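Next comes my_file-v8.cif, with mmCIF, C-alpha atoms and all ligand atoms.
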```
data_input
loop_
_atom_site.label_atom_id
_atom_site.label_comp_id
_atom_site.auth_asym_id
_atom_site.auth_seq_id
_atom_site.Cartn_x
_atom_site.Cartn_y
_atom_site.Cartn_z
CA MET A 49 100.00 40.35 178.29
CA GLU A 50 96.57 41.93 178.62
CA LYS A 51 96.17 44.50 181.37
CA ARG A 52 94.36 43.08 184.41
CA ILE A 53 92.41 45.49 186.57
CA ILE A 54 90.43 45.76 189.79
CA VAL A 55 86.70 46.38 189.38
CA ALA A 56 84.89 47.78 192.43
CA ILE A 57 81.09 47.56 192.44
CA ASP A 58 79.36 49.33 195.33
CA GLY A 59 75.74 50.12 196.05
CA HIS A 60 72.70 49.55 198.22
CA SER A 61 71.51 46.15 199.48
CA SER A 62 69.91 44.04 196.78
CA SER A 63 70.70 46.47 193.99
CA GLY A 64 71.93 43.60 191.84
CA LYS A 65 75.64 44.11 192.46
CA SER A 66 76.40 40.44 192.95
CA SER A 67 74.85 39.12 189.75
CA MET A 68 76.46 41.89 187.75
CA ALA A 69 79.86 41.35 189.36
CA ARG A 70 79.70 37.57 189.04
CA GLN A 71 78.74 37.72 185.38
CA LEU A 72 81.60 40.09 184.53
CA ALA A 73 84.11 37.99 186.46
CA GLN A 74 82.99 34.83 184.66
CA LYS A 75 83.17 36.45 181.25
CA GLN A 76 86.62 37.97 181.83
CA ASN A 77 88.00 35.01 183.75
CA TYR A 78 88.49 37.21 186.81
CA LEU A 79 88.11 36.30 190.46
CA TYR A 80 84.75 37.32 191.93
CA ILE A 81 84.64 38.32 195.59
CA ASP A 82 81.37 39.04 197.40
CA SER A 83 82.54 41.14 200.35
CA GLY A 84 79.02 41.26 201.83
CA ALA A 85 79.17 37.47 202.20
CA MET A 86 82.22 37.93 204.44
CA TYR A 87 80.32 40.28 206.79
CA ARG A 88 77.40 37.86 206.73
CA ALA A 89 79.64 34.93 207.66
CA VAL A 90 80.98 36.85 210.66
CA ALA A 91 77.38 37.66 211.67
CA LEU A 92 76.50 33.97 211.43
CA TYR A 93 79.44 33.12 213.66
CA CYS A 94 78.21 35.65 216.25
CA LEU A 95 74.68 34.23 216.16
CA ARG A 96 75.99 30.73 216.67
CA LYS A 97 78.11 31.88 219.59
CA GLY A 98 75.12 33.63 221.18
CA TRP A 99 76.83 37.02 220.98
CA ILE A 100 73.76 38.70 219.49
CA LYS A 101 70.61 39.13 221.57
CA GLY A 102 67.86 41.07 219.78
CA THR A 103 69.65 44.15 218.52
CA LEU A 104 72.50 43.92 221.02
CA LEU A 105 75.90 42.66 219.99
CA ASP A 106 78.59 41.66 222.48
CA ARG A 107 81.32 43.65 220.73
CA GLU A 108 84.00 42.70 223.20
CA ALA A 109 83.44 38.99 222.67
CA LEU A 110 83.47 39.52 218.90
CA VAL A 111 86.67 41.58 218.84
CA GLU A 112 88.36 39.03 221.10
CA GLY A 113 87.00 36.13 219.03
CA LEU A 114 87.95 37.50 215.58
CA LYS A 115 91.25 35.60 215.61
CA ASP A 116 89.27 32.34 215.65
CA ILE A 117 87.34 33.18 212.51
CA THR A 118 88.67 32.04 209.15
CA ILE A 119 86.87 33.16 206.03
CA SER A 120 87.60 31.52 202.70
CA PHE A 121 85.89 30.70 199.42
CA SER A 122 85.41 27.38 197.68
CA THR A 123 84.06 26.88 194.17
CA THR A 124 81.24 24.63 192.95
CA ASP A 125 81.57 22.35 189.90
CA LYS A 126 79.92 25.14 187.91
CA GLY A 127 82.53 27.64 189.06
CA LEU A 128 80.22 29.48 191.50
CA PRO A 129 81.86 30.84 194.65
CA ARG A 130 80.74 29.50 198.03
CA ILE A 131 81.75 31.17 201.26
CA CYS A 132 83.27 29.05 204.02
CA LEU A 133 83.34 29.87 207.73
CA ASN A 134 86.14 27.99 209.47
CA GLY A 135 86.15 25.53 206.59
CA GLU A 136 82.37 24.91 206.59
CA GLU A 137 80.40 26.02 203.55
CA VAL A 138 77.67 28.39 204.81
CA GLU A 139 76.44 29.97 201.57
CA ASN A 140 72.73 29.22 202.17
CA GLU A 141 72.71 30.02 205.87
CA ILE A 142 74.14 33.50 205.41
CA ARG A 143 71.39 34.48 202.93
CA GLY A 144 68.42 33.96 205.30
CA MET A 145 66.51 36.69 207.12
CA GLU A 146 68.12 35.90 210.48
CA VAL A 147 71.59 36.89 209.29
CA SER A 148 70.21 39.77 207.15
CA GLY A 149 68.56 41.19 210.28
CA VAL A 150 71.79 41.46 212.28
CA VAL A 151 74.62 41.84 209.79
CA SER A 152 74.63 45.66 210.03
CA LEU A 153 75.51 45.40 213.72
CA VAL A 154 78.59 43.38 212.85
CA SER A 155 79.66 45.45 209.84
CA ALA A 156 79.67 48.62 211.99
CA VAL A 157 82.49 47.28 214.19
CA PRO A 158 85.82 48.85 213.08
CA GLU A 159 87.90 45.79 214.06
CA VAL A 160 85.69 43.56 211.91
CA ARG A 161 86.06 45.92 208.97
CA SER A 162 89.84 46.11 209.17
CA TYR A 163 90.08 42.34 209.61
CA LEU A 164 87.98 41.70 206.49
CA VAL A 165 89.53 44.53 204.45
CA ASP A 166 92.96 42.93 204.95
CA ILE A 167 91.62 39.64 203.58
CA GLN A 168 89.94 41.47 200.66
CA ARG A 169 93.18 43.21 199.72
CA SER A 170 95.20 40.02 199.90
CA LEU A 171 92.72 38.30 197.57
CA ALA A 172 93.33 41.03 194.97
CA GLU A 173 97.12 40.99 195.10
CA ASN A 174 97.35 39.80 191.50
CA LYS A 175 94.53 42.05 190.26
CA GLY A 176 92.04 40.46 187.86
CA VAL A 177 89.33 40.82 190.51
CA VAL A 178 85.72 42.00 190.58
CA MET A 179 84.63 42.79 194.13
CA ASP A 180 81.24 44.04 195.26
CA GLY A 181 80.22 45.69 198.52
CA ARG A 182 79.69 49.11 200.08
CA ASP A 183 83.18 50.58 200.52
CA ILE A 184 85.20 48.82 197.82
CA GLY A 185 85.77 51.91 195.66
CA THR A 186 86.14 54.30 198.61
CA ALA A 187 88.09 52.38 201.28
CA VAL A 188 89.26 48.95 200.11
CA PHE A 189 90.58 49.82 196.62
CA PRO A 190 90.57 53.61 196.18
CA GLU A 191 92.99 52.96 193.30
CA ALA A 192 90.65 50.56 191.43
CA GLU A 193 90.72 51.16 187.68
CA LEU A 194 86.93 50.79 187.34
CA LYS A 195 84.40 51.82 189.99
CA ILE A 196 80.66 51.39 189.64
CA PHE A 197 78.01 52.70 192.03
CA LEU A 198 74.70 50.90 191.60
CA THR A 199 71.33 52.17 192.80
CA ALA A 200 67.62 51.35 192.48
CA SER A 201 64.60 52.30 194.60
CA ALA A 202 63.94 50.34 197.81
CA ASP A 203 60.67 48.94 196.30
CA VAL A 204 62.42 47.58 193.25
CA ARG A 205 65.14 46.02 195.38
CA ALA A 206 62.68 44.43 197.83
CA GLU A 207 60.72 42.90 194.96
CA ARG A 208 63.92 41.39 193.52
CA ARG A 209 65.02 39.98 196.88
CA TYR A 210 61.55 38.54 197.47
CA LEU A 211 61.58 36.70 194.14
CA GLU A 212 65.14 35.51 194.72
CA LEU A 213 64.33 33.99 198.14
CA LYS A 214 61.09 32.48 196.84
CA GLU A 215 62.96 30.84 193.99
CA LYS A 216 65.34 29.30 196.52
CA GLY A 217 62.35 28.00 198.49
CA MET A 218 63.17 30.23 201.46
CA GLU A 219 60.46 31.86 203.57
CA ALA A 220 60.03 35.61 203.57
CA SER A 221 57.34 38.26 203.35
CA TYR A 222 57.66 41.22 201.01
CA GLU A 223 56.95 43.71 203.85
CA GLU A 224 59.62 42.14 206.04
CA ILE A 225 62.17 42.31 203.23
CA LEU A 226 61.33 45.95 202.41
CA HIS A 227 61.63 46.86 206.08
CA ASN A 228 64.99 45.06 206.29
CA ILE A 229 66.29 46.79 203.15
CA GLU A 230 65.27 50.23 204.45
CA MET A 231 66.86 49.53 207.81
CA ARG A 232 70.11 48.35 206.20
CA ASP A 233 70.16 51.41 203.90
CA ARG A 234 69.94 53.63 206.96
CA MET A 235 72.67 51.77 208.79
CA ASP A 236 74.97 51.51 205.76
CA LEU A 237 74.61 55.24 205.02
CA ASN A 238 74.91 56.49 208.58
CA ARG A 239 77.63 54.41 210.17
CA THR A 240 80.74 56.36 211.13
CA ILE A 241 83.29 53.99 209.61
CA SER A 242 83.26 53.49 205.83
CA PRO A 243 79.64 54.53 205.23
CA LEU A 244 78.09 53.73 201.88
CA ARG A 245 78.83 56.58 199.51
CA LYS A 246 79.75 56.96 195.89
CA ALA A 247 83.47 57.46 195.25
CA ASP A 248 84.08 60.70 193.34
CA ASP A 249 85.42 58.76 190.37
CA ALA A 250 82.75 56.04 190.37
CA ILE A 251 80.26 55.74 187.50
CA GLU A 252 76.69 55.71 188.82
CA LEU A 253 74.02 53.46 187.36
CA ASP A 254 70.34 53.32 188.36
CA ASN A 255 69.33 49.88 187.14
CA GLY A 256 65.68 50.06 188.30
CA ARG A 257 64.36 49.85 184.75
CA MET A 258 67.10 47.78 183.16
CA SER A 259 67.05 44.10 182.29
CA ILE A 260 69.94 41.91 183.44
CA GLU A 261 71.14 41.69 179.83
CA GLU A 262 71.15 45.49 179.47
CA GLN A 263 73.09 45.87 182.71
CA ASN A 264 75.65 43.30 181.71
CA ALA A 265 76.17 44.89 178.31
CA TRP A 266 76.55 48.31 179.95
CA LEU A 267 79.14 46.96 182.39
CA GLU A 268 81.08 45.16 179.70
CA ALA A 269 81.35 48.41 177.73
CA ARG A 270 82.69 50.23 180.84
CA PHE A 271 85.12 47.36 181.45
CA ASN A 272 86.46 47.54 177.89
CA GLU A 273 86.93 51.30 178.23
CA ALA A 274 88.86 50.80 181.47
CA VAL A 275 91.12 48.13 179.99
CA TYR A 276 91.59 49.32 176.41
CA GLY A 277 90.82 53.04 176.63
CA LYS A 278 87.80 55.03 175.45
CA ASN A 279 88.88 55.48 171.86
CA ARG A 280 89.43 51.86 170.97
CA ASN A 281 87.75 50.91 167.67
O1 LIG B 1 75.69 43.02 200.05
P1 LIG B 1 75.05 42.31 201.24
O2 LIG B 1 73.62 42.71 201.46
O3 LIG B 1 75.23 40.83 201.20
O4 LIG B 1 75.87 42.85 202.52
C1 LIG B 1 75.59 42.41 203.80
C2 LIG B 1 75.85 43.50 204.81
O5 LIG B 1 77.25 43.73 204.94
C3 LIG B 1 75.21 44.85 204.51
O6 LIG B 1 74.24 45.19 205.49
C4 LIG B 1 76.32 45.86 204.57
C5 LIG B 1 77.56 45.11 204.92
N1 LIG B 1 78.68 45.33 204.01
C6 LIG B 1 79.59 46.30 204.33
O7 LIG B 1 79.41 46.98 205.34
N2 LIG B 1 80.68 46.50 203.55
C7 LIG B 1 80.88 45.76 202.46
N3 LIG B 1 81.97 45.98 201.71
C8 LIG B 1 79.93 44.77 202.09
C9 LIG B 1 78.84 44.59 202.88
#
```

Would you encode the structure as structure tokens?
Ligand code: DC
Amino acid sequence: MEKRIIVAIDGHSSSGKSSMARQLAQKQNYLYIDSGAMYRAVALYCLRKGWIKGTLLDREALVEGLKDITISFSTTDKGLPRICLNGEEVENEIRGMEVSGVVSLVSAVPEVRSYLVDIQRSLAENKGVVMDGRDIGTAVFPEAELKIFLTASADVRAERRYLELKEKGMEASYEEILHNIEMRDRMDLNRTISPLRKADDAIELDNGRMSIEEQNAWLEARFNEAVYGKNRN
């Protein structure tokens, strides 16, 4: 039987990790897991509970309430993953600016991280998984056979996010998105637990000037090397 591996794709917000990861998973018939969506779903839960006021999070309430949060994934007819919070599909709600503005508060809480990391590991028990996030190659799967670290400038990423939201008919201003991306970069890089950093054995890719097709071809080549070895003809 063909070797099945774990692919960890980490990088900054809106660096294109998700589309790259999803495309590879589809092509290889692997499971795709968007770990950021899990943090976003927990943030949505906190907003709904009124545990976030401005930039203040009621950590105690969240830590106490974690046991009541169930995160799972369903799949659309087209095979696209949809995140569910306590059984309710919340894919669109978690992508809006409200959740984006507060998710870093939630992802900095150690209890939230260990709760979600346990779920992430259990989803990859049988390997054959592509997971994207910030700490997948460093903390969740340090043993992953293929690790990618994706980067692009904040301007390029804001522009992409702006077009993505516009396409979905969601409201957003470019300046607000850029500001949010810069803020999340700072928080992701500076938090004490599992900060965003490249794993020593990760392959770095700056995709600022690459088309989606180029990126996908690049990733497929790295995937084949990881599965079949570098010298395969
Ligand atoms: O990839 P994203 O923008 O959807 O992630 C949402 C937030 O979750 C982001 O601010 C950082 C955090 N996150 C994290 O801390 N660890 C992960 N593995 C994935 C996301």

Exercise answer, 7 Å around ligand LIG 1 (chain B) with all atoms listed in the file, as a list of chain:residue names: A:Ser61, A:Ser62, A:Ser83, A:Gly84, A:Ala85, A:Tyr87, A:Arg88, A:Ser148, A:Val151, A:Ser152, A:Ser155, A:Ala156, A:Asp180, A:Gly181, A:Arg182, A:Asp183, A:Ile184, A:Arg232, A:Asp236

Interatomic distance (Å, one decimal) between CA of Glu219 in chain A and CA of Arg234 in chain A: 24.0 Å

Neighbour list for Glu112 in chain A as a count of residues only, cut-off 12 Å, all atoms listed in the file, skip fewer than 6 positions in-chain: 5

Near-range 167-171 of chain A list (9 Å; all atoms listed in the file; drop same-chain fewer than 4 positions) as an MDAnalysis selection string: chainID A and resid 79 81 83 119 162:163 175 177 179 188:189

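Between Asp116 in chain A and the candidates A:Leu198, A:Leu133, A:Val138, A:Ala250, the tightest atom-to-atom separation, counting all atoms listed in the file, involves A:Leu133.
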
Coordinates-based distance that separates CA of Asp82 in chain A from CA of Ala187 in chain A (Å, one decimal):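 Computing it gives 15.4 Å between the two atoms.
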
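You will find CA of Gln263 in chain A at 15.2 Å from CA of Val55 in chain A.
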
Among the residues A:Ala206, A:Ser201, A:Tyr93, A:Gly217, the one that comes closest to Arg257 in chain A [using only C-alpha atoms]: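 Between A:Ala206, A:Ser201, A:Tyr93, A:Gly217, the residue approaching Arg257 in chain A most closely is A:Ser201.
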
A:Phe121, A:Ala192, A:Ile225, A:Leu128 ranked by distance to Glu146 in chain A, top pick (using only C-alpha atoms):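 Under the stated criterion, the closest residue is A:Ile225.
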
Since the input lacks some atoms of range 103-135 of chain A, please model N, CA and C atoms and print them as a PDB file, keeping the file's coordinate frame.
```
ATOM      1  N   THR A 103      68.812  43.238 219.309  1.00  0.00           N
ATOM      2  CA  THR A 103      69.650  44.150 218.520  1.00  0.00           C
ATOM      3  C   THR A 103      70.943  44.493 219.257  1.00  0.00           C
ATOM      4  N   LEU A 104      71.273  43.665 220.245  1.00  0.00           N
ATOM      5  CA  LEU A 104      72.500  43.920 221.020  1.00  0.00           C
ATOM      6  C   LEU A 104      73.596  42.938 220.652  1.00  0.00           C
ATOM      7  N   LEU A 105      74.752  43.497 220.339  1.00  0.00           N
ATOM      8  CA  LEU A 105      75.900  42.660 219.990  1.00  0.00           C
ATOM      9  C   LEU A 105      76.948  42.780 221.089  1.00  0.00           C
ATOM     10  N   ASP A 106      77.491  41.650 221.500  1.00  0.00           N
ATOM     11  CA  ASP A 106      78.590  41.660 222.480  1.00  0.00           C
ATOM     12  C   ASP A 106      79.885  41.948 221.706  1.00  0.00           C
ATOM     13  N   ARG A 107      80.172  43.239 221.559  1.00  0.00           N
ATOM     14  CA  ARG A 107      81.320  43.650 220.730  1.00  0.00           C
ATOM     15  C   ARG A 107      82.634  43.133 221.259  1.00  0.00           C
ATOM     16  N   GLU A 108      82.741  43.139 222.590  1.00  0.00           N
ATOM     17  CA  GLU A 108      84.000  42.700 223.200  1.00  0.00           C
ATOM     18  C   GLU A 108      84.297  41.246 222.849  1.00  0.00           C
ATOM     19  N   ALA A 109      83.258  40.412 222.981  1.00  0.00           N
ATOM     20  CA  ALA A 109      83.440  38.990 222.670  1.00  0.00           C
ATOM     21  C   ALA A 109      83.831  38.837 221.196  1.00  0.00           C
ATOM     22  N   LEU A 110      83.185  39.624 220.328  1.00  0.00           N
ATOM     23  CA  LEU A 110      83.470  39.520 218.900  1.00  0.00           C
ATOM     24  C   LEU A 110      84.913  39.947 218.588  1.00  0.00           C
ATOM     25  N   VAL A 111      85.318  41.079 219.136  1.00  0.00           N
ATOM     26  CA  VAL A 111      86.670  41.580 218.840  1.00  0.00           C
ATOM     27  C   VAL A 111      87.708  40.569 219.335  1.00  0.00           C
ATOM     28  N   GLU A 112      87.469  40.039 220.517  1.00  0.00           N
ATOM     29  CA  GLU A 112      88.360  39.030 221.100  1.00  0.00           C
ATOM     30  C   GLU A 112      88.353  37.744 220.266  1.00  0.00           C
ATOM     31  N   GLY A 113      87.155  37.401 219.739  1.00  0.00           N
ATOM     32  CA  GLY A 113      87.000  36.130 219.030  1.00  0.00           C
ATOM     33  C   GLY A 113      87.385  36.180 217.551  1.00  0.00           C
ATOM     34  N   LEU A 114      87.657  37.375 217.013  1.00  0.00           N
ATOM     35  CA  LEU A 114      87.950  37.500 215.580  1.00  0.00           C
ATOM     36  C   LEU A 114      89.084  36.573 215.123  1.00  0.00           C
ATOM     37  N   LYS A 115      90.075  36.417 215.974  1.00  0.00           N
ATOM     38  CA  LYS A 115      91.250  35.600 215.610  1.00  0.00           C
ATOM     39  C   LYS A 115      90.868  34.133 215.370  1.00  0.00           C
ATOM     40  N   ASP A 116      89.696  33.723 215.867  1.00  0.00           N
ATOM     41  CA  ASP A 116      89.270  32.340 215.650  1.00  0.00           C
ATOM     42  C   ASP A 116      88.395  32.170 214.420  1.00  0.00           C
ATOM     43  N   ILE A 117      88.209  33.258 213.692  1.00  0.00           N
ATOM     44  CA  ILE A 117      87.340  33.180 212.510  1.00  0.00           C
ATOM     45  C   ILE A 117      88.182  33.157 211.238  1.00  0.00           C
ATOM     46  N   THR A 118      87.994  32.103 210.453  1.00  0.00           N
ATOM     47  CA  THR A 118      88.670  32.040 209.150  1.00  0.00           C
ATOM     48  C   THR A 118      87.608  32.095 208.064  1.00  0.00           C
ATOM     49  N   ILE A 119      87.807  33.027 207.153  1.00  0.00           N
ATOM     50  CA  ILE A 119      86.870  33.160 206.030  1.00  0.00           C
ATOM     51  C   ILE A 119      87.604  32.778 204.751  1.00  0.00           C
ATOM     52  N   SER A 120      86.991  31.882 203.975  1.00  0.00           N
ATOM     53  CA  SER A 120      87.600  31.520 202.700  1.00  0.00           C
ATOM     54  C   SER A 120      86.500  31.249 201.676  1.00  0.00           C
ATOM     55  N   PHE A 121      86.885  30.990 200.456  1.00  0.00           N
ATOM     56  CA  PHE A 121      85.890  30.700 199.420  1.00  0.00           C
ATOM     57  C   PHE A 121      86.233  29.370 198.745  1.00  0.00           C
ATOM     58  N   SER A 122      85.195  28.569 198.507  1.00  0.00           N
ATOM     59  CA  SER A 122      85.410  27.380 197.680  1.00  0.00           C
ATOM     60  C   SER A 122      84.613  27.609 196.387  1.00  0.00           C
ATOM     61  N   THR A 123      84.756  26.710 195.448  1.00  0.00           N
ATOM     62  CA  THR A 123      84.060  26.880 194.170  1.00  0.00           C
ATOM     63  C   THR A 123      83.268  25.632 193.836  1.00  0.00           C
ATOM     64  N   THR A 124      82.038  25.796 193.345  1.00  0.00           N
ATOM     65  CA  THR A 124      81.240  24.630 192.950  1.00  0.00           C
ATOM     66  C   THR A 124      81.740  24.107 191.604  1.00  0.00           C
ATOM     67  N   ASP A 125      81.189  22.944 191.201  1.00  0.00           N
ATOM     68  CA  ASP A 125      81.570  22.350 189.900  1.00  0.00           C
ATOM     69  C   ASP A 125      81.314  23.350 188.772  1.00  0.00           C
ATOM     70  N   LYS A 126      80.267  24.175 188.967  1.00  0.00           N
ATOM     71  CA  LYS A 126      79.920  25.140 187.910  1.00  0.00           C
ATOM     72  C   LYS A 126      80.719  26.433 188.018  1.00  0.00           C
ATOM     73  N   GLY A 127      81.666  26.465 188.931  1.00  0.00           N
ATOM     74  CA  GLY A 127      82.530  27.640 189.060  1.00  0.00           C
ATOM     75  C   GLY A 127      81.927  28.747 189.925  1.00  0.00           C
ATOM     76  N   LEU A 128      80.826  28.444 190.651  1.00  0.00           N
ATOM     77  CA  LEU A 128      80.220  29.480 191.500  1.00  0.00           C
ATOM     78  C   LEU A 128      80.911  29.524 192.856  1.00  0.00           C
ATOM     79  N   PRO A 129      81.178  30.741 193.363  1.00  0.00           N
ATOM     80  CA  PRO A 129      81.860  30.840 194.650  1.00  0.00           C
ATOM     81  C   PRO A 129      80.934  30.508 195.820  1.00  0.00           C
ATOM     82  N   ARG A 130      81.479  29.860 196.806  1.00  0.00           N
ATOM     83  CA  ARG A 130      80.740  29.500 198.030  1.00  0.00           C
ATOM     84  C   ARG A 130      81.578  29.947 199.208  1.00  0.00           C
ATOM     85  N   ILE A 131      80.969  30.684 200.130  1.00  0.00           N
ATOM     86  CA  ILE A 131      81.750  31.170 201.260  1.00  0.00           C
ATOM     87  C   ILE A 131      81.864  30.107 202.353  1.00  0.00           C
ATOM     88  N   CYS A 132      83.033  30.033 202.960  1.00  0.00           N
ATOM     89  CA  CYS A 132      83.270  29.050 204.020  1.00  0.00           C
ATOM     90  C   CYS A 132      83.653  29.782 205.307  1.00  0.00           C
ATOM     91  N   LEU A 133      83.042  29.331 206.402  1.00  0.00           N
ATOM     92  CA  LEU A 133      83.340  29.870 207.730  1.00  0.00           C
ATOM     93  C   LEU A 133      84.062  28.761 208.481  1.00  0.00           C
ATOM     94  N   ASN A 134      85.294  29.012 208.846  1.00  0.00           N
ATOM     95  CA  ASN A 134      86.140  27.990 209.470  1.00  0.00           C
ATOM     96  C   ASN A 134      86.034  26.655 208.730  1.00  0.00           C
ATOM     97  N   GLY A 135      86.106  26.738 207.418  1.00  0.00           N
ATOM     98  CA  GLY A 135      86.150  25.530 206.590  1.00  0.00           C
ATOM     99  C   GLY A 135      84.784  24.953 206.238  1.00  0.00           C
TER     100      GLY A 135
END
```
